[in-house]
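Q: Have a look at this one.
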Amino acid sequence: MHSSNGPGEDVKPRIIAFLPRLRRFCMALTGSNDQCDDLLQETVERALTRIEQWQAGTSLESWMFRIAQNLHIDRIRAQGRRGVQVDLDALADMSGDDGRTITEARSELAHAQAAMAALPDEQRILLALVVIDGRSYKEAAEILELPIGTVMSRISRARHAIDLYLNGKAL
Amino acid sequence: MNGADEMNRDHERVSAYLDGTMNPEEAAAFEQEIEGNPELAAIVERWQGNDALLQRAFDAPEGGGISDALLGRLGLAETGAADNVVVFDSFRKQDAAQNDNVAPPKWRWPLVGSIAASLVVAVTVGSFWIAKPSGIAGEAAFQTAMNGSASGVTVALSEAQMLTPVLSFEAKDGRLCREFAVEGHEAGNQGIACKSGNQWTVEALVKGGGALPSNGEIRTAGGKNIASLDAVYSRLGASDPLNAQKENTYITNGWKK
């Protein structure tokens, strides 16, 4: 039951408490502060204006993660681009001895952010949820409305691609 | 099964292992397999390191990167903070327990032991909050006490404040960390600090709540504030507590690994 302040007012404190995690998720998806804050703003606005669509008793946070990822995908489609597709062999070529040079030239953390940015969107979103935010496969599957098997295979492919980017290693 | 299929299967198993989705029997069998398979062990180690690096790369800055300006832009600036909220910097951070899907502790299987068992029974009770680390880390007495005091041994920071390290552990990013309790003029604080370079940096400080552990007592899940530190332990990827011998070694060598 919502108070007389309106349903949006009821959830605002909870949204505020959730903002750092949501912003980190947006940052992992977009890779830039400006785009991240735009996505964050759009997500919060969408959540507040459509709060009636959130089912009390279900996770508000998962619902907002879903809004953010849907908005992100919509933006990518609107911009007419897909996530940066990087060939695995090309990733391996970028690392190794040369990779060490790259790592020395940039900071290690910037290199990790670049690796994340090089992933296809579908893999980046999952890594953001599972590895960075710590969601379980089940939660990630529910948020993204994917079969859990797809979550498992995408996560492992994403980790493999990240490993190739960062270390140039493969089995 | 061809080579590519086998590789994909191994990768999915490594991911499942790292993400804690294997049951204990599966994890134990996988660990046994790792011991006899250096290539697989190397992948587990590298991927674990990559995960830690990604988490650091996207770790939120203090205050979560939420400025007053951003709160205003989001239409959330006028929302009042609840009574149990401490304003830190411009961002009003509330009790993590209000997020209904705060990440559960996700440690490596070999590390899931007594601390995990104690945390899962923790419940959110009382009024507490996670505050921005106060200036305590900047005090020389705090640094000295954290460097030199064994867990359970209380030392005086000043005439009014006593500090007791509660336990020590290793974070997933490799830092050595300690939970501590400070008893003083207020109800008492408990927090977690990690050693970065030569400094102990306070990761979280919890105010209020139950009694502090007495000398020689290693606190268990019965402590009221353990629930509020749960999210911090999870974020740090805490190992099991170090035993007294290991802790003493670190105290002796200045917490260098």
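Going through the structure tokens in order, the chains are called A, B, and so on, while each chain numbers its residues from 1 and the ligands are numbered from 1 in the order shown.
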Compute the set of chain A residues within 8 Å of chain B, using only C-alpha atoms, and express it as an mmCIF file with C-alpha atoms, in the first residue's frame.
A:
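Final output, result-v2.cif:
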data_model
loop_
_atom_site.group_PDB
_atom_site.id
_atom_site.type_symbol
_atom_site.label_atom_id
_atom_site.label_comp_id
_atom_site.auth_asym_id
_atom_site.auth_seq_id
_atom_site.Cartn_x
_atom_site.Cartn_y
_atom_site.Cartn_z
ATOM 1 C CA GLU A 9 7.617 9.231 -3.050
ATOM 2 C CA LYS A 12 12.555 7.384 -3.379
ATOM 3 C CA PRO A 13 14.602 6.668 -0.245
ATOM 4 C CA ARG A 14 15.098 3.118 -1.444
ATOM 5 C CA ILE A 16 18.607 6.726 -3.292
ATOM 6 C CA ALA A 17 20.122 3.882 -1.285
ATOM 7 C CA PHE A 18 20.433 1.887 -4.495
ATOM 8 C CA LEU A 19 21.939 4.681 -6.614
ATOM 9 C CA PRO A 20 25.648 3.841 -6.114
ATOM 10 C CA ARG A 21 25.093 0.306 -7.347
ATOM 11 C CA ARG A 23 25.435 4.068 -11.215
ATOM 12 C CA ARG A 24 28.237 1.488 -11.155
ATOM 13 C CA MET A 27 29.184 2.973 -15.766
ATOM 14 C CA ALA A 28 30.073 -0.592 -16.674
ATOM 15 C CA ASP A 37 24.660 9.752 -15.756
ATOM 16 C CA GLN A 41 18.739 9.769 -15.086
ATOM 17 C CA VAL A 44 15.273 6.785 -12.467
ATOM 18 C CA GLU A 45 12.760 8.860 -14.426
ATOM 19 C CA SER A 59 12.887 -6.716 -6.136
ATOM 20 C CA LEU A 60 12.789 -3.005 -6.923
ATOM 21 C CA GLU A 61 16.505 -3.132 -7.600
ATOM 22 C CA SER A 62 16.233 -5.966 -10.120
ATOM 23 C CA LEU A 109 42.414 -0.197 -13.991
ATOM 24 C CA ALA A 110 42.009 1.750 -17.210
ATOM 25 C CA ALA A 112 40.437 -3.364 -17.271
ATOM 26 C CA GLN A 113 37.834 -0.749 -18.194
ATOM 27 C CA MET A 116 35.085 -4.317 -20.453
ATOM 28 C CA VAL A 130 27.430 -11.052 -11.923
ATOM 29 C CA VAL A 131 31.084 -10.124 -11.474
ATOM 30 C CA ILE A 132 30.835 -6.464 -10.537
ATOM 31 C CA ASP A 133 27.513 -6.341 -8.682
ATOM 32 C CA GLY A 134 27.619 -9.914 -7.402
ATOM 33 C CA ARG A 135 24.222 -11.092 -8.665
ATOM 34 C CA SER A 136 23.673 -14.829 -8.816
ATOM 35 C CA TYR A 137 23.082 -16.515 -12.181
ATOM 36 C CA MET A 152 26.290 -19.372 -17.869
ATOM 37 C CA SER A 153 27.637 -19.557 -21.394
ATOM 38 C CA ILE A 155 29.531 -15.258 -18.547
ATOM 39 C CA SER A 156 32.206 -17.797 -19.408
ATOM 40 C CA ARG A 157 32.631 -16.347 -22.905
ATOM 41 C CA ARG A 159 35.554 -14.016 -18.905
ATOM 42 C CA HIS A 160 37.469 -15.762 -21.675
ATOM 43 C CA ILE A 162 38.503 -10.473 -20.811
ATOM 44 C CA ASP A 163 41.362 -12.898 -20.152
ATOM 45 C CA LEU A 166 44.205 -8.598 -20.286
ATOM 46 C CA LEU A 171 43.495 -22.803 -23.014
#
Q: Figure out the distance between atom CA of A:Cys36 and atom CA of A:Glu122, please, to one decimal in Å.
A: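 So the answer is 17.0 Å.
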Q: Using only C-alpha atoms, which protein or nucleic acid residues come within 12 Å of B:Gln143? Drop anything in the same chain fewer than 2 positions from it, and give the result as a PyMOL selection string.
A: chain B and resi 135-141+145-149+155+157+163+165+178+180+193-196+198-202+254-255
Q: List as number ranges by chain the protein and nucleic acid residues near B:Ser168, meaning an atom at most 7 Å away when only C-alpha atoms are counted, but skip any in the same chain fewer than 2 places from it.
A: B: 177-179, 241-242, 247
Q: So which one's closest to A:Gln123, A:Glu139, A:Gln35, A:Glu108, A:Leu144? Using only C-alpha atoms, please.
A: A:Leu144
Q: How far is it from atom CA of A:Gly31 to atom CA of A:Ala114, in Å with one decimal?
A: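 A separation of 8.3 Å between them.
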Q: Considering only C-alpha atoms, return as a VMD selection string whatever protein or nucleic-acid residues lie within 12 Å of stretch 69-73 of chain A, sequence-local ones (same chain, fewer than 2 positions apart) excluded.
A: chain A and resid 22 to 23 25 to 31 35 to 47 62 to 67 75 to 83 120 to 126 128 to 129 140 143 to 145
Q: Kindly export the residues of the current selection with C-alpha atoms, as a compact mmCIF listing (two decimals), in the first residue's frame.
A:
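Generated output (out-v6.txt):
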# COMPACT_ATOMS: atom_id res chain seq x y z
CA LEU A 22 22.90 1.46 -10.20
CA ARG A 23 25.43 4.07 -11.22
CA PHE A 25 26.11 -0.73 -13.39
CA CYS A 26 25.48 2.17 -15.79
CA MET A 27 29.18 2.97 -15.77
CA ALA A 28 30.07 -0.59 -16.67
CA LEU A 29 27.54 -0.52 -19.50
CA THR A 30 28.42 2.83 -21.00
CA GLY A 31 32.06 3.33 -20.07
CA GLN A 35 26.65 8.61 -20.77
CA CYS A 36 26.40 6.83 -17.45
CA ASP A 37 24.66 9.75 -15.76
CA ASP A 38 22.34 10.18 -18.75
CA LEU A 39 21.39 6.52 -18.51
CA LEU A 40 21.03 6.78 -14.74
CA GLN A 41 18.74 9.77 -15.09
CA GLU A 42 16.61 8.10 -17.71
CA THR A 43 16.38 4.95 -15.60
CA VAL A 44 15.27 6.78 -12.47
CA GLU A 45 12.76 8.86 -14.43
CA ARG A 46 11.36 5.76 -16.07
CA ALA A 47 11.12 3.97 -12.74
CA SER A 62 16.23 -5.97 -10.12
CA TRP A 63 13.39 -4.12 -11.82
CA MET A 64 15.55 -1.00 -12.13
CA PHE A 65 18.54 -2.99 -13.40
CA ARG A 66 16.22 -4.32 -16.09
CA ILE A 67 15.02 -0.83 -16.98
CA ARG A 75 20.03 3.60 -27.14
CA ILE A 76 22.47 1.34 -28.93
CA ARG A 77 19.81 0.38 -31.43
CA ALA A 78 18.82 4.00 -31.91
CA GLN A 79 22.42 4.91 -32.56
CA GLY A 80 22.56 2.15 -35.13
CA ARG A 81 25.48 0.38 -33.62
CA ARG A 82 26.07 -2.81 -31.84
CA GLY A 83 28.47 -3.23 -29.00
CA PRO A 120 29.80 -7.25 -26.86
CA ASP A 121 26.98 -5.53 -24.96
CA GLU A 122 25.24 -8.77 -24.05
CA GLN A 123 28.38 -10.04 -22.32
CA ARG A 124 29.24 -6.70 -20.73
CA ILE A 125 25.79 -6.44 -19.15
CA LEU A 126 26.14 -9.88 -17.61
CA ALA A 128 28.37 -6.01 -14.75
CA LEU A 129 25.61 -7.89 -12.95
CA ALA A 140 20.83 -12.22 -13.57
CA ILE A 143 16.71 -9.46 -14.56
CA LEU A 144 17.65 -10.03 -18.19
CA GLU A 145 14.82 -12.51 -18.83
Q: What does the structure give for the distance between atom CA of A:Asp34 and atom CA of A:Arg50, in Å to one decimal?
A: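 One can read the atom CA of A:Asp34 to atom CA of A:Arg50 distance as 24.1 Å.
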Q: Could you go through stretch 7-160 of chain A and tell me which residues DSSP, when run on the backbone, assigns to helix (DSSP H, G or I), listing them as a ChimeraX atom specification?
A: /A:7-30,33-49,51-53,60-78,88-94,96-105,108-118,121-132,137-144,148-160
